[in-house]
>>> print(open('entry01.cif').read())   # mmCIF, C-alpha atoms
data_start
loop_
_atom_site.label_atom_id
_atom_site.label_comp_id
_atom_site.auth_asym_id
_atom_site.auth_seq_id
_atom_site.Cartn_x
_atom_site.Cartn_y
_atom_site.Cartn_z
CA MET S 1 41.13 -2.48 27.30
CA SER S 2 39.38 -1.67 30.58
CA ARG S 3 39.05 1.98 29.47
CA VAL S 4 37.24 0.80 26.35
CA LEU S 5 34.88 -1.26 28.48
CA VAL S 6 34.15 1.68 30.80
CA LEU S 7 33.53 3.95 27.83
CA ALA S 8 31.22 1.40 26.26
CA LEU S 9 29.35 1.09 29.57
CA LEU S 10 28.97 4.86 29.88
CA LEU S 11 27.74 5.15 26.30
CA GLY S 12 25.28 2.36 26.94
CA LEU S 13 23.97 4.08 30.06
CA ALA S 14 23.63 7.38 28.19
CA ALA S 15 21.72 5.72 25.38
CA ASN S 16 19.47 4.01 27.89
CA ALA S 17 18.78 7.27 29.72
CA SER S 18 17.86 9.10 26.52
CA ALA S 19 15.39 6.37 25.62
CA LYS S 20 13.63 6.10 28.98
CA ALA S 21 9.90 5.60 29.12
CA PRO S 22 7.81 8.76 28.79
CA VAL S 23 5.75 9.74 31.80
CA LYS S 24 2.16 8.62 31.45
CA LEU S 25 -0.17 11.61 31.83
CA LYS S 26 -3.10 11.54 34.21
CA VAL S 27 -6.30 13.50 34.61
CA GLY S 28 -5.70 16.55 36.81
CA GLU S 29 -2.12 17.05 35.67
CA PRO S 30 -1.08 20.07 33.57
CA ALA S 31 -1.16 19.45 29.85
CA PRO S 32 2.43 19.65 28.54
CA GLN S 33 3.05 22.89 26.68
CA PHE S 34 3.97 22.95 23.03
CA ILE S 35 4.30 25.51 20.27
CA ARG S 36 4.18 24.36 16.67
CA GLY S 37 3.58 25.91 13.30
CA ASP S 38 0.26 24.63 12.04
CA LEU S 39 -0.32 23.34 8.53
CA GLN S 40 -2.55 26.31 7.76
CA GLY S 41 0.43 28.66 8.01
CA ARG S 42 0.02 30.02 11.54
CA SER S 43 1.59 29.20 14.87
CA PHE S 44 -0.23 27.29 17.58
CA ASP S 45 0.80 27.87 21.19
CA LEU S 46 -1.05 25.74 23.73
CA LYS S 47 -0.12 28.13 26.54
CA ALA S 48 -1.82 30.98 24.69
CA GLN S 49 -5.08 29.02 24.90
CA ARG S 50 -5.20 29.36 28.69
CA GLY S 51 -8.74 30.39 29.66
CA LYS S 52 -10.20 28.20 26.94
CA VAL S 53 -11.25 24.57 27.00
CA VAL S 54 -8.98 22.80 24.52
CA LEU S 55 -9.35 19.44 22.86
CA ILE S 56 -6.04 18.00 21.66
CA ASP S 57 -6.86 15.42 19.04
CA PHE S 58 -4.03 13.09 18.03
CA TRP S 59 -5.01 11.66 14.67
CA ALA S 60 -3.57 10.43 11.38
CA SER S 61 -4.72 10.00 7.82
CA TRP S 62 -4.37 6.21 8.13
CA CYS S 63 -6.57 6.03 11.22
CA ALA S 64 -10.10 5.28 10.06
CA PRO S 65 -11.86 6.11 13.35
CA CYS S 66 -9.89 9.38 13.54
CA ILE S 67 -11.10 10.39 10.09
CA VAL S 68 -14.68 9.51 11.02
CA ALA S 69 -14.39 11.72 14.12
CA ILE S 70 -13.13 14.85 12.32
CA PRO S 71 -16.53 16.08 11.04
CA HIS S 72 -17.84 15.76 14.61
CA LEU S 73 -14.91 17.81 15.91
CA VAL S 74 -15.62 20.42 13.23
CA GLN S 75 -19.22 20.57 14.47
CA LEU S 76 -18.09 20.90 18.08
CA GLN S 77 -15.73 23.72 17.12
CA GLU S 78 -18.61 25.50 15.39
CA LYS S 79 -20.97 24.86 18.29
CA TYR S 80 -18.70 25.87 21.16
CA GLY S 81 -15.95 27.99 19.59
CA ALA S 82 -17.57 31.30 20.50
CA ARG S 83 -17.89 30.13 24.11
CA GLY S 84 -14.17 29.52 24.53
CA PHE S 85 -13.60 26.07 23.07
CA GLN S 86 -10.69 25.23 20.79
CA VAL S 87 -9.82 22.01 18.99
CA VAL S 88 -6.25 21.42 17.86
CA GLY S 89 -5.42 18.44 15.70
CA VAL S 90 -2.01 16.83 16.04
CA SER S 91 -1.28 14.75 12.98
CA MET S 92 0.83 11.65 13.52
CA ASP S 93 1.23 11.01 9.81
CA ASP S 94 4.71 10.06 8.71
CA SER S 95 4.93 13.26 6.64
CA ALA S 96 3.22 16.66 6.49
CA LYS S 97 2.60 16.03 2.78
CA ILE S 98 0.22 13.17 3.58
CA THR S 99 -1.62 15.31 6.13
CA LYS S 100 -1.97 18.16 3.67
CA GLU S 101 -3.47 15.78 1.12
CA THR S 102 -6.04 14.69 3.69
CA MET S 103 -6.74 18.32 4.56
CA GLN S 104 -7.64 18.95 0.94
CA GLU S 105 -10.32 16.29 1.18
CA ILE S 106 -11.71 17.12 4.61
CA ARG S 107 -12.64 20.59 5.78
CA PHE S 108 -10.96 21.59 9.03
CA ASN S 109 -12.04 24.68 10.94
CA TYR S 110 -9.35 24.31 13.58
CA PRO S 111 -5.55 24.28 13.51
CA VAL S 112 -3.69 21.11 12.64
CA VAL S 113 -0.06 20.82 13.71
CA PRO S 114 2.37 18.11 12.63
CA GLY S 115 3.17 15.65 15.40
CA ASP S 116 6.18 13.41 15.82
CA ALA S 117 7.74 10.98 18.27
CA LYS S 118 8.96 13.88 20.44
CA LEU S 119 5.49 15.35 20.87
CA GLY S 120 4.07 11.87 21.27
CA ASN S 121 6.48 11.16 24.10
CA LEU S 122 5.66 14.52 25.70
CA TYR S 123 2.08 13.28 25.95
CA GLY S 124 3.06 9.98 27.51
CA GLY S 125 3.59 8.09 24.27
CA VAL S 126 1.06 8.13 21.47
CA LEU S 127 1.15 4.43 20.69
CA GLY S 128 -2.25 4.04 19.14
CA LEU S 129 -4.98 6.20 17.77
CA PRO S 130 -7.43 7.81 18.23
CA LEU S 131 -6.22 9.63 21.33
CA GLN S 132 -7.65 12.82 22.76
CA PHE S 133 -6.90 15.05 25.72
CA LEU S 134 -9.53 17.47 26.95
CA VAL S 135 -7.81 20.35 28.72
CA GLY S 136 -9.61 22.73 31.05
CA ALA S 137 -9.36 26.51 31.10
CA ASP S 138 -6.74 26.19 33.85
CA GLY S 139 -4.50 24.12 31.58
CA LYS S 140 -5.10 20.86 33.45
CA ILE S 141 -6.18 17.64 31.81
CA LEU S 142 -9.89 16.96 32.30
CA ALA S 143 -10.18 13.72 30.33
CA ILE S 144 -8.11 11.30 28.29
CA ARG S 145 -9.85 9.19 25.70
CA SER S 146 -8.38 6.53 23.47
CA GLY S 147 -9.93 4.26 20.90
CA ASP S 148 -13.40 4.51 19.47
CA PHE S 149 -15.87 6.58 21.45
CA PRO S 150 -19.18 8.30 20.78
CA PRO S 151 -19.01 12.03 19.92
CA THR S 152 -22.10 12.64 22.08
CA ALA S 153 -20.06 11.85 25.19
CA LEU S 154 -17.42 14.36 24.13
CA ASP S 155 -20.09 16.99 23.52
CA LYS S 156 -21.34 16.59 27.09
CA GLU S 157 -17.82 16.80 28.53
CA ILE S 158 -17.08 19.99 26.63
CA ALA S 159 -20.36 21.56 27.68
CA ALA S 160 -19.65 20.68 31.32
CA ALA S 161 -16.10 22.05 31.12
CA LEU S 162 -17.31 25.30 29.57
CA LYS S 163 -19.90 25.72 32.34
CA LYS S 164 -17.13 25.63 34.91
CA THR S 165 -15.20 28.39 33.11
CA VAL S 166 -18.10 30.84 33.17
CA PRO S 167 -17.29 33.53 35.80
CA MET W 1 -9.09 -6.33 -32.70
CA ARG W 2 -10.22 -8.97 -30.21
CA LEU W 3 -6.74 -9.03 -28.70
CA ALA W 4 -6.75 -5.24 -28.35
CA ALA W 5 -10.03 -5.45 -26.49
CA LEU W 6 -8.56 -8.02 -24.12
CA ILE W 7 -5.49 -5.94 -23.25
CA PRO W 8 -7.12 -3.94 -20.43
CA LEU W 9 -8.50 -7.15 -18.88
CA LEU W 10 -5.16 -8.92 -19.18
CA THR W 11 -3.42 -5.92 -17.65
CA VAL W 12 -5.74 -6.03 -14.65
CA LEU W 13 -5.24 -9.78 -14.24
CA LEU W 14 -1.46 -9.47 -14.44
CA LEU W 15 -1.32 -6.66 -11.92
CA ALA W 16 -3.82 -8.21 -9.51
CA PRO W 17 -1.28 -10.18 -7.45
CA LEU W 18 0.69 -6.97 -6.86
CA THR W 19 -2.19 -5.05 -5.35
CA THR W 20 -2.45 -6.45 -1.86
CA SER W 21 -3.73 -3.36 -0.09
CA ALA W 22 -6.36 -4.12 2.51
CA ALA W 23 -9.08 -1.91 3.85
CA PRO W 24 -9.62 -1.14 7.52
CA GLY W 25 -11.60 -4.02 8.94
CA ASP W 26 -9.83 -6.68 6.91
CA ALA W 27 -7.97 -7.72 10.06
CA LEU W 28 -11.14 -9.61 10.92
CA THR W 29 -10.31 -11.96 8.03
CA ILE W 30 -7.03 -13.05 9.62
CA PRO W 31 -7.56 -16.61 10.89
CA ALA W 32 -7.59 -16.98 14.67
CA ALA W 33 -5.18 -19.90 14.30
CA VAL W 34 -2.37 -17.62 13.11
CA GLN W 35 -2.93 -14.97 15.76
CA ILE W 36 -0.58 -14.85 18.71
CA GLN W 37 -1.55 -13.23 21.99
CA PRO W 38 0.75 -10.63 23.61
CA ALA W 39 1.42 -12.81 26.66
CA GLU W 40 2.45 -15.71 24.43
CA LEU W 41 4.89 -13.59 22.42
CA ALA W 42 6.26 -12.00 25.58
CA ALA W 43 6.96 -15.50 26.92
CA ILE W 44 8.81 -16.39 23.70
CA LEU W 45 10.91 -13.22 24.02
CA LYS W 46 11.67 -14.04 27.63
CA ALA W 47 12.81 -17.52 26.66
CA GLY W 48 15.33 -15.86 24.36
CA ASN W 49 14.48 -17.63 21.13
CA ALA W 50 12.52 -14.95 19.34
CA PRO W 51 11.79 -15.37 15.63
CA PRO W 52 12.08 -12.40 13.24
CA ILE W 53 9.53 -9.79 14.36
CA LEU W 54 8.40 -7.08 11.98
CA GLN W 55 6.43 -3.92 12.73
CA VAL W 56 4.19 -3.28 9.73
CA GLY W 57 2.66 -0.04 11.01
CA PHE W 58 3.80 3.56 10.92
CA SER W 59 7.27 4.88 11.60
CA VAL W 60 6.20 7.58 14.08
CA LEU W 61 4.81 4.81 16.30
CA TYR W 62 7.88 2.61 15.86
CA GLN W 63 10.15 5.55 16.73
CA GLN W 64 8.40 5.97 20.07
CA ALA W 65 8.40 2.34 21.11
CA HIS W 66 8.64 -1.11 19.59
CA ILE W 67 9.18 -4.73 20.54
CA PRO W 68 12.89 -5.35 21.21
CA ASN W 69 14.76 -6.47 18.08
CA SER W 70 11.70 -5.98 15.91
CA GLN W 71 12.35 -4.28 12.61
CA PHE W 72 10.36 -1.52 11.00
CA ALA W 73 8.91 -2.95 7.79
CA GLY W 74 5.75 -0.96 7.22
CA PRO W 75 3.30 0.43 6.59
CA GLY W 76 1.23 -2.38 5.16
CA ASN W 77 -1.37 -0.05 3.68
CA LYS W 78 1.09 1.40 1.19
CA ASP W 79 2.75 -0.23 -1.81
CA ASP W 80 6.09 1.15 -0.58
CA GLY W 81 5.48 -0.45 2.81
CA LEU W 82 4.71 -3.84 1.27
CA LEU W 83 7.88 -3.63 -0.82
CA ASN W 84 9.78 -2.77 2.34
CA LEU W 85 8.25 -5.81 4.07
CA LYS W 86 9.16 -8.00 1.12
CA SER W 87 12.77 -6.85 1.19
CA HIS W 88 13.00 -7.66 4.91
CA VAL W 89 11.88 -11.26 4.50
CA ASP W 90 12.87 -12.19 0.97
CA ALA W 91 16.02 -14.01 2.01
CA LEU W 92 14.30 -16.07 4.72
CA PRO W 93 13.32 -19.70 4.18
CA ARG W 94 9.60 -19.93 3.57
CA ASP W 95 9.08 -22.25 6.52
CA GLN W 96 10.70 -19.73 8.89
CA LEU W 97 8.43 -18.53 11.69
CA VAL W 98 7.79 -14.80 11.23
CA VAL W 99 5.79 -12.55 13.57
CA ILE W 100 4.19 -9.32 12.40
CA TYR W 101 2.42 -6.64 14.39
CA CYS W 102 0.99 -3.17 14.03
CA GLY W 103 -1.24 -1.82 16.84
CA CYS W 104 -1.77 1.61 15.32
CA CYS W 105 -5.52 1.43 15.83
CA PRO W 106 -8.12 -0.94 17.24
CA TRP W 107 -7.68 -4.38 15.61
CA GLU W 108 -10.80 -4.23 13.48
CA LYS W 109 -9.82 -0.77 12.15
CA CYS W 110 -6.16 -1.47 11.38
CA PRO W 111 -5.27 -0.59 7.77
CA ASN W 112 -1.95 -2.45 7.77
CA ILE W 113 -1.98 -5.85 9.37
CA ALA W 114 -4.19 -7.78 6.94
CA ALA W 115 -2.32 -6.51 3.88
CA ALA W 116 1.02 -7.43 5.44
CA TYR W 117 -0.25 -10.91 6.40
CA LYS W 118 -1.59 -11.43 2.89
CA GLN W 119 1.73 -10.37 1.39
CA LEU W 120 3.67 -12.91 3.45
CA VAL W 121 1.24 -15.70 2.63
CA GLU W 122 1.46 -14.86 -1.06
CA MET W 123 5.24 -14.99 -0.80
CA GLY W 124 4.89 -18.56 0.40
CA PHE W 125 5.55 -18.15 4.11
CA THR W 126 3.86 -21.01 5.93
CA LYS W 127 4.47 -20.00 9.54
CA VAL W 128 3.28 -16.42 9.85
CA ARG W 129 1.96 -15.37 13.25
CA VAL W 130 0.11 -12.10 13.71
CA LEU W 131 0.27 -10.38 17.08
CA TYR W 132 -3.28 -9.69 18.21
CA LEU W 133 -3.47 -6.19 19.68
CA ALA W 134 -7.13 -5.51 20.45
CA SER W 135 -6.90 -1.77 21.12
CA ASN W 136 -3.40 -0.67 20.16
CA PHE W 137 0.28 -1.29 20.85
CA GLY W 138 0.32 1.12 23.79
CA ALA W 139 -2.63 -0.36 25.64
CA ASP W 140 -2.07 -4.03 24.85
CA TRP W 141 1.70 -4.28 24.96
CA VAL W 142 3.47 -1.30 26.56
CA ASP W 143 0.95 -0.71 29.35
CA LYS W 144 0.96 -4.44 30.17
CA GLY W 145 4.65 -4.18 31.02
CA TYR W 146 5.96 -6.32 28.18
CA PRO W 147 9.48 -5.48 26.96
CA VAL W 148 9.91 -2.38 24.85
CA THR W 149 12.71 -0.59 23.07
CA ARG W 150 12.32 3.19 23.01
CA GLY W 151 13.52 5.40 20.21
CA GLY W 152 13.98 4.66 16.53
#
>>> encode(input="entry01.cif", output="C-alpha cells")
Amino acid sequence: MSRVLVLALLLGLAANASAKAPVKLKVGEPAPQFIRGDLQGRSFDLKAQRGKVVLIDFWASWCAPCIVAIPHLVQLQEKYGARGFQVVGVSMDDSAKITKETMQEIRFNYPVVPGDAKLGNLYGGVLGLPLQFLVGADGKILAIRSGDFPPTALDKEIAAALKKTVP
Amino acid sequence: MRLAALIPLLTVLLLAPLTTSAAPGDALTIPAAVQIQPAELAAILKAGNAPPILQVGFSVLYQQAHIPNSQFAGPGNKDDGLLNLKSHVDALPRDQLVVIYCGCCPWEKCPNIAAAYKQLVEMGFTKVRVLYLASNFGADWVDKGYPVTRGG
C-alpha cells in the first residue's frame, strides 16, 4: 500500500514538474530559438536571421486587433526589408487550416509559421493577443508589446534598431 | 404561392435563435452586474467552493494555462464551440451559478465571451457570471499571481 502511495507521489511530482510555469522573457534577453516550417512551404529558422532586426508577431485569425495590424506589418516589411528587417508571423490558431483560410484573404509578404502551446511557453506563455517581440540584430529582445498599440510607434522602434545595426 | 414566398422568411426566423455568434466588441454589451472581477473569483477559489468554470476561448490558450478545474468549452465565436459549451452545461440546473471566461484579447475585442454569455442566457441560466479580463488572461490573471493549471 505504501509503495502505491510513493509511486502516486512521484507521478504527481513528475506531472507538476512538466507543467511548471514558463519563464517570462524580458527585454535584453536572447530571443528563444525556433525552427518551423512556414505555411508558405519553406522553413523558418530564427537563428538564421542573426544580423537582421526581426519582429515576431504572435497573432490569430480570431484576434481582431491582430488582423488589423497585419497590413501595417506588410508595409513595414516592404519599407525596411531591404535594410535587414524581417517579420515572422506565428499563428496561434487552433489549426493550420484556419490560418491558411485567413492567408487567402489577406496578403502576407513575410513567413507565417504555425504556433502552439509549446512555442507559446518558449516565449513565456502567449496568453493573450496581440503579442510582439522585436529582436535586435544580435538576437536579443529589444521590445515586447502586448495588446493594442499604434503602428507608428513600431515603425520608429524598427528604424532605431536598424540604425544601430549599420556598421 | 404566398406560402412559398414566406418560406425563406420563416426559415430565417426559425434559425435565428441558433445563430448566437457575436462580433468583436459585443463584450461591451455584457451587463456590469454579471461581471466578476479576477480578485473576487480568486477569493472564491481560495475559499474552496468554486462553481463550474468554463473557458470559452481557444484551445491553444487553454493548453498553456487555465483556471484550476475550469473546463475547455470554447470557442464562443464558432457554432461548434457553442455546441460544446451547451453540452458542458446542459445537465446543470438553470439556477446553478456558472462562471465563464476567455481573455484571448482585450475585453472590447474578444470574439467569444459575448456569444457564450448569450448562449447561456438563452438556455435559461439565471446566474451566469462573466470574468472581466481587461487586457487578457495572461496579464489580468496569470501575472497577478492567481492560481493556474498548466498544460491541457
>>> atom_distance(input="entry01.cif", atom1="CA of Lys109 in chain W", atom2="CA of Ala64 in chain S")
6.4 Å
>>> resolve_selection(input="entry01.cif", expression="the PyMOL selection byres ((chain W) within 7 of (chain S))", output="list of chain:residue names")
W:Pro24, W:Phe58, W:Ser59, W:Val60, W:Leu61, W:Gln63, W:Gln64, W:Gly103, W:Cys104, W:Cys105, W:Pro106, W:Lys109, W:Pro111, W:Ser135, W:Asn136, W:Phe137, W:Gly138, W:Arg150, W:Gly151
>>> atom_distance(input="entry01.cif", atom1="CA of Leu28 in chain W", atom2="CA of Trp141 in chain W")
19.8 Å
>>> residues_around(input="entry01.cif", residues="His72 in chain S", least_positions_apart="2", cutoff="12 Å", atoms="all atoms listed in the file", output="ChimeraX atom specification")
/S:57,65-70,74-79,87,106-109,149-155
>>> resolve_selection(input="entry01.cif", expression="the PyMOL selection byres ((chain W and resi 31-34) around 10)", output="PDB file with C-alpha atoms, keeping the file's coordinate frame")
ATOM      1  CA  ALA W  27      -7.970  -7.720  10.060  1.00  0.00           C
ATOM      2  CA  LEU W  28     -11.140  -9.610  10.920  1.00  0.00           C
ATOM      3  CA  THR W  29     -10.310 -11.960   8.030  1.00  0.00           C
ATOM      4  CA  ILE W  30      -7.030 -13.050   9.620  1.00  0.00           C
ATOM      5  CA  GLN W  35      -2.930 -14.970  15.760  1.00  0.00           C
ATOM      6  CA  ILE W  36      -0.580 -14.850  18.710  1.00  0.00           C
ATOM      7  CA  GLN W  37      -1.550 -13.230  21.990  1.00  0.00           C
ATOM      8  CA  VAL W  99       5.790 -12.550  13.570  1.00  0.00           C
ATOM      9  CA  TYR W 117      -0.250 -10.910   6.400  1.00  0.00           C
ATOM     10  CA  LYS W 127       4.470 -20.000   9.540  1.00  0.00           C
ATOM     11  CA  VAL W 128       3.280 -16.420   9.850  1.00  0.00           C
ATOM     12  CA  ARG W 129       1.960 -15.370  13.250  1.00  0.00           C
ATOM     13  CA  VAL W 130       0.110 -12.100  13.710  1.00  0.00           C
ATOM     14  CA  LEU W 131       0.270 -10.380  17.080  1.00  0.00           C
ATOM     15  CA  TYR W 132      -3.280  -9.690  18.210  1.00  0.00           C
TER      16      TYR W 132
END
>>> residues_around(input="entry01.cif", residues="Gly136 in chain S", least_positions_apart="4", cutoff="10 Å", atoms="all atoms listed in the file", output="number ranges by chain")
S: 28, 30-31, 49-55, 85, 140-143, 158, 161-162, 164-165
>>> residues_near_point(input="entry01.cif", point="(9.9, -2.9, 18.2)", cutoff="8 Å", atoms="only C-alpha atoms", output="ChimeraX atom specification")
/W:53-55,62,65-72,148-149
>>> atom_distance(input="entry01.cif", atom1="CA of Pro38 in chain W", atom2="CA of Leu133 in chain W")
7.3 Å
>>> residues_around(input="entry01.cif", residues="range 80-83 of chain W", least_positions_apart="6", cutoff="8 Å", atoms="all atoms listed in the file", output="number ranges by chain")
W: 56, 73-74, 115-116, 119
>>> resolve_selection(input="entry01.cif", expression="the PyMOL selection byres ((chain W and resi 89-96) around 10)", output="ChimeraX atom specification")
/W:51-52,54,73,84-88,97-99,120-121,123-128
>>> closest_residue(input="entry01.cif", among="S:Glu157, S:Pro114, S:Tyr123, S:Ser61", to="Gly37 in chain S", atoms="only C-alpha atoms")
S:Pro114
>>> residues_around(input="entry01.cif", residues="Gly41 in chain S", least_positions_apart="5", cutoff="12 Å", atoms="all atoms listed in the file", output="list in words")
Arg36, Lys100, Pro111, Val112, Val113 and Pro114 of chain S
